[in-house]
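**Student:** My questions all concern the structure below.
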Amino acid sequence: MTAVLQTTPALEPVPGYRLSLRRFARNRLALAGLVAVVLFLLFCFVGPLIYSTDQTHTDLTQVNLAPSGAHLLGTDAVGHDELGRLMYGGKISLLVGLAAGVLATVIGTLWGAVAGYAGGWLDAVMMRIVDAGIAIPALFILLVVSAITTPDTLGLIVILGLVSWLVPSRLVRAETLTLKSRDYVLTLRAIGGSHGRAIGRHVLPNSVSTIVVAATFQVADAILLVAYVSYLGLGVQPPSTDWGGMLSAGLTAAYSGRWWLIVPPGLAIILVVCAFNAIGDGLRDAFDVRGRG
């Protein structure tokens, strides 16, 4: 009598990115943040196509109206519909925040990767520049530059990107110091591969988790910075506006009971910044291999 041996098929390993997605999906706070960001993007970029308002010309016959059926969030001191203004200002705030966050992350990633991979005196010089930059508050630099020039949307993106890349550079440098001693990088160098190839093919792809997490926090910081500057009157100039500019314009009106001029933009800033921070926390936990089960 012959025994029939049954073999169990070997389980295929789950790719790392799928494990990260599963861990992110189990994080309810991170998912809530992602949903909130998507809803705000739809509100600011698709909303004006549905709820069309004139945000350029003034209408002195519709000044400081309370919320009603005609104007769901009332009107401001020059007759602009406040709900439409919230969409219009949010478009600029989100556009500046996202673009400046990406720009800062790109600059910081390249700087940190080169410094960490090169090592020696070049690393020391590059990181001392970073240390000197971190010692100066980004808001102070932004205020000085904004006072000298009158930045438009593109100018704000460039300025914010140039003052916000320092922290990502330190994170990527730390990751690069670990990766450059791995076997696959040493093998590439042994067979004559260039430094640029080692950074582009191995160091940066294996630093994606650090880069993505840093980018989400940079976007949140950029939205806050542009709100600070616009609140002080040094951001984009009328008729353009953003949420910080709306807060500044509605501050005095709030003392007169016109709450609809300050509460909506204030809540929008808080919710968007918290949403991006929640996404960043969720991505950090999802990419943390020590927590994978």
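Just so we're on the same page: first chain in the structure tokens is A, next is B, and so on; residues restart at 1 for each chain, and ligands are numbered from 1 in the order they show up.
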Residues near A:Ala198, anyone? I mean within 12 Å using only C-alpha atoms, not counting same-chain ones fewer than 6 positions away, as a list in words.

**Tutor:**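 Those residues are Ala113, Val114, Tyr117, Ala118, Thr176, Leu179, Lys180, Ser181, Arg182, Asp183, Tyr184, Val185, Leu186, Thr187, Leu188, Arg189, Ala190, Ile191, Gly192, Leu204, Pro205 and Asn206 of chain A.
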
**Student:** Hey, what's within 12 Å of A:Met126 if we count only C-alpha atoms and toss same-chain stuff fewer than 6 positions away? As a list in words, please?

**Tutor:** Gly108, Leu110, Trp111, Gly112, Ala113, Val114, Ala115, Gly116, Tyr117, Ala118, Gly119, Gly120, Ala132, Gly133, Leu166, Ser169, Arg170 and Arg173 of chain A

**Student:** Name the closest residue to A:Asp54 among the candidates A:Ser240, A:Ser146, A:Ser207, A:Gly250; distances are taken between atoms, counting only C-alpha atoms.

**Tutor:**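 Once distances to A:Asp54 are computed over only C-alpha atoms, the minimum belongs to A:Ser240.
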
**Student:** Between A:Leu122, A:Leu103, A:Ile279, A:Leu72, which is the closest to A:Trp260 once you count only C-alpha atoms?

**Tutor:**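 Among the listed residues, A:Leu72 lies closest to A:Trp260.
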
**Student:** If we count only C-alpha atoms and set the cut-off at 7 Å, which residues sit around stretch 84-88 of chain A, ignoring sequence neighbours fewer than 4 positions away in its own chain? Please answer as a PDB file with N, CA, C and O atoms, in the first residue's frame.

**Tutor:**
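Output file result_5.pdb follows:
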ATOM      1  N   PHE A  43     -13.762  70.241  -3.289  1.00  0.00           N
ATOM      2  CA  PHE A  43     -14.456  71.467  -2.916  1.00  0.00           C
ATOM      3  C   PHE A  43     -13.815  72.688  -3.571  1.00  0.00           C
ATOM      4  O   PHE A  43     -14.515  73.564  -4.096  1.00  0.00           O
ATOM      5  N   CYS A  44     -12.486  72.743  -3.565  1.00  0.00           N
ATOM      6  CA  CYS A  44     -11.794  73.941  -4.040  1.00  0.00           C
ATOM      7  C   CYS A  44     -11.608  73.967  -5.553  1.00  0.00           C
ATOM      8  O   CYS A  44     -11.606  75.054  -6.151  1.00  0.00           O
ATOM      9  N   GLY A  47     -15.661  72.554  -6.970  1.00  0.00           N
ATOM     10  CA  GLY A  47     -16.767  73.348  -6.444  1.00  0.00           C
ATOM     11  C   GLY A  47     -17.086  74.601  -7.237  1.00  0.00           C
ATOM     12  O   GLY A  47     -18.267  74.872  -7.532  1.00  0.00           O
ATOM     13  N   PRO A  48     -16.075  75.409  -7.633  1.00  0.00           N
ATOM     14  CA  PRO A  48     -16.387  76.626  -8.399  1.00  0.00           C
ATOM     15  C   PRO A  48     -17.063  76.361  -9.732  1.00  0.00           C
ATOM     16  O   PRO A  48     -17.724  77.250 -10.277  1.00  0.00           O
ATOM     17  N   THR A  53     -19.331  81.962  -8.739  1.00  0.00           N
ATOM     18  CA  THR A  53     -19.467  83.299  -8.155  1.00  0.00           C
ATOM     19  C   THR A  53     -18.413  84.230  -8.764  1.00  0.00           C
ATOM     20  O   THR A  53     -17.410  83.766  -9.298  1.00  0.00           O
ATOM     21  N   GLN A  55     -15.544  86.576  -8.049  1.00  0.00           N
ATOM     22  CA  GLN A  55     -14.601  86.888  -6.985  1.00  0.00           C
ATOM     23  C   GLN A  55     -13.617  87.982  -7.399  1.00  0.00           C
ATOM     24  O   GLN A  55     -12.593  88.174  -6.732  1.00  0.00           O
ATOM     25  N   HIS A  80     -18.335  90.085  -1.883  1.00  0.00           N
ATOM     26  CA  HIS A  80     -18.002  88.776  -2.433  1.00  0.00           C
ATOM     27  C   HIS A  80     -18.747  87.682  -1.677  1.00  0.00           C
ATOM     28  O   HIS A  80     -18.843  87.724  -0.435  1.00  0.00           O
ATOM     29  N   ILE A  92      -5.911  78.440  -3.937  1.00  0.00           N
ATOM     30  CA  ILE A  92      -4.562  79.006  -3.865  1.00  0.00           C
ATOM     31  C   ILE A  92      -3.786  78.401  -2.697  1.00  0.00           C
ATOM     32  O   ILE A  92      -2.611  78.045  -2.826  1.00  0.00           O
ATOM     33  N   PRO A 265     -12.809  79.954   7.069  1.00  0.00           N
ATOM     34  CA  PRO A 265     -11.400  79.778   6.672  1.00  0.00           C
ATOM     35  C   PRO A 265     -10.530  79.237   7.794  1.00  0.00           C
ATOM     36  O   PRO A 265      -9.595  78.468   7.550  1.00  0.00           O
TER      37      PRO A 265
END

**Student:** Apply DSSP to the backbone of this structure and, from stretch 25-251 of chain A, keep only the residues in alpha helix (DSSP H); write these as a ChimeraX atom specification.

**Tutor:** /A:25,28-41,47-50,82-118,120-135,138-148,153-163,166-179,183-190,195-198,208-231,243-251

**Student:** Calculated over only C-alpha atoms, which of the candidates A:Leu21, A:Ile262, A:Ala275, A:Val212 has the smallest distance to A:Thr109?

**Tutor:** A:Val212

**Student:** When you count only C-alpha atoms, which of these residues is closest to A:Val272: A:Leu251, A:Val145, A:Ala32, A:Ala99?

**Tutor:** A:Ala32

**Student:** Using only C-alpha atoms, which of the listed residues (A:Thr150, A:Gln218, A:Asn27, A:Ser256) sits closest to A:Ser164?

**Tutor:**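 Distance minimum relative to A:Ser164 lands on A:Gln218.
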
**Student:** Taking into account only C-alpha atoms, which residue in the set A:Val37, A:Ala70, A:Ala147, A:Leu19 is nearest to A:Phe276?

**Tutor:** A:Val37

**Student:** Between atom CA of A:Val106 and atom CA of A:Leu162, what is the distance in Å, rounded to a tenth?

**Tutor:**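 Interatomic distance, atom CA of A:Val106 to atom CA of A:Leu162: 10.5 Å.
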
**Student:** Using atom CA of A:Ala138 and atom CA of A:Asp221 as the two end points, give the distance in Å to one decimal.

**Tutor:**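 Separation of atom CA of A:Ala138 and atom CA of A:Asp221: 10.3 Å.
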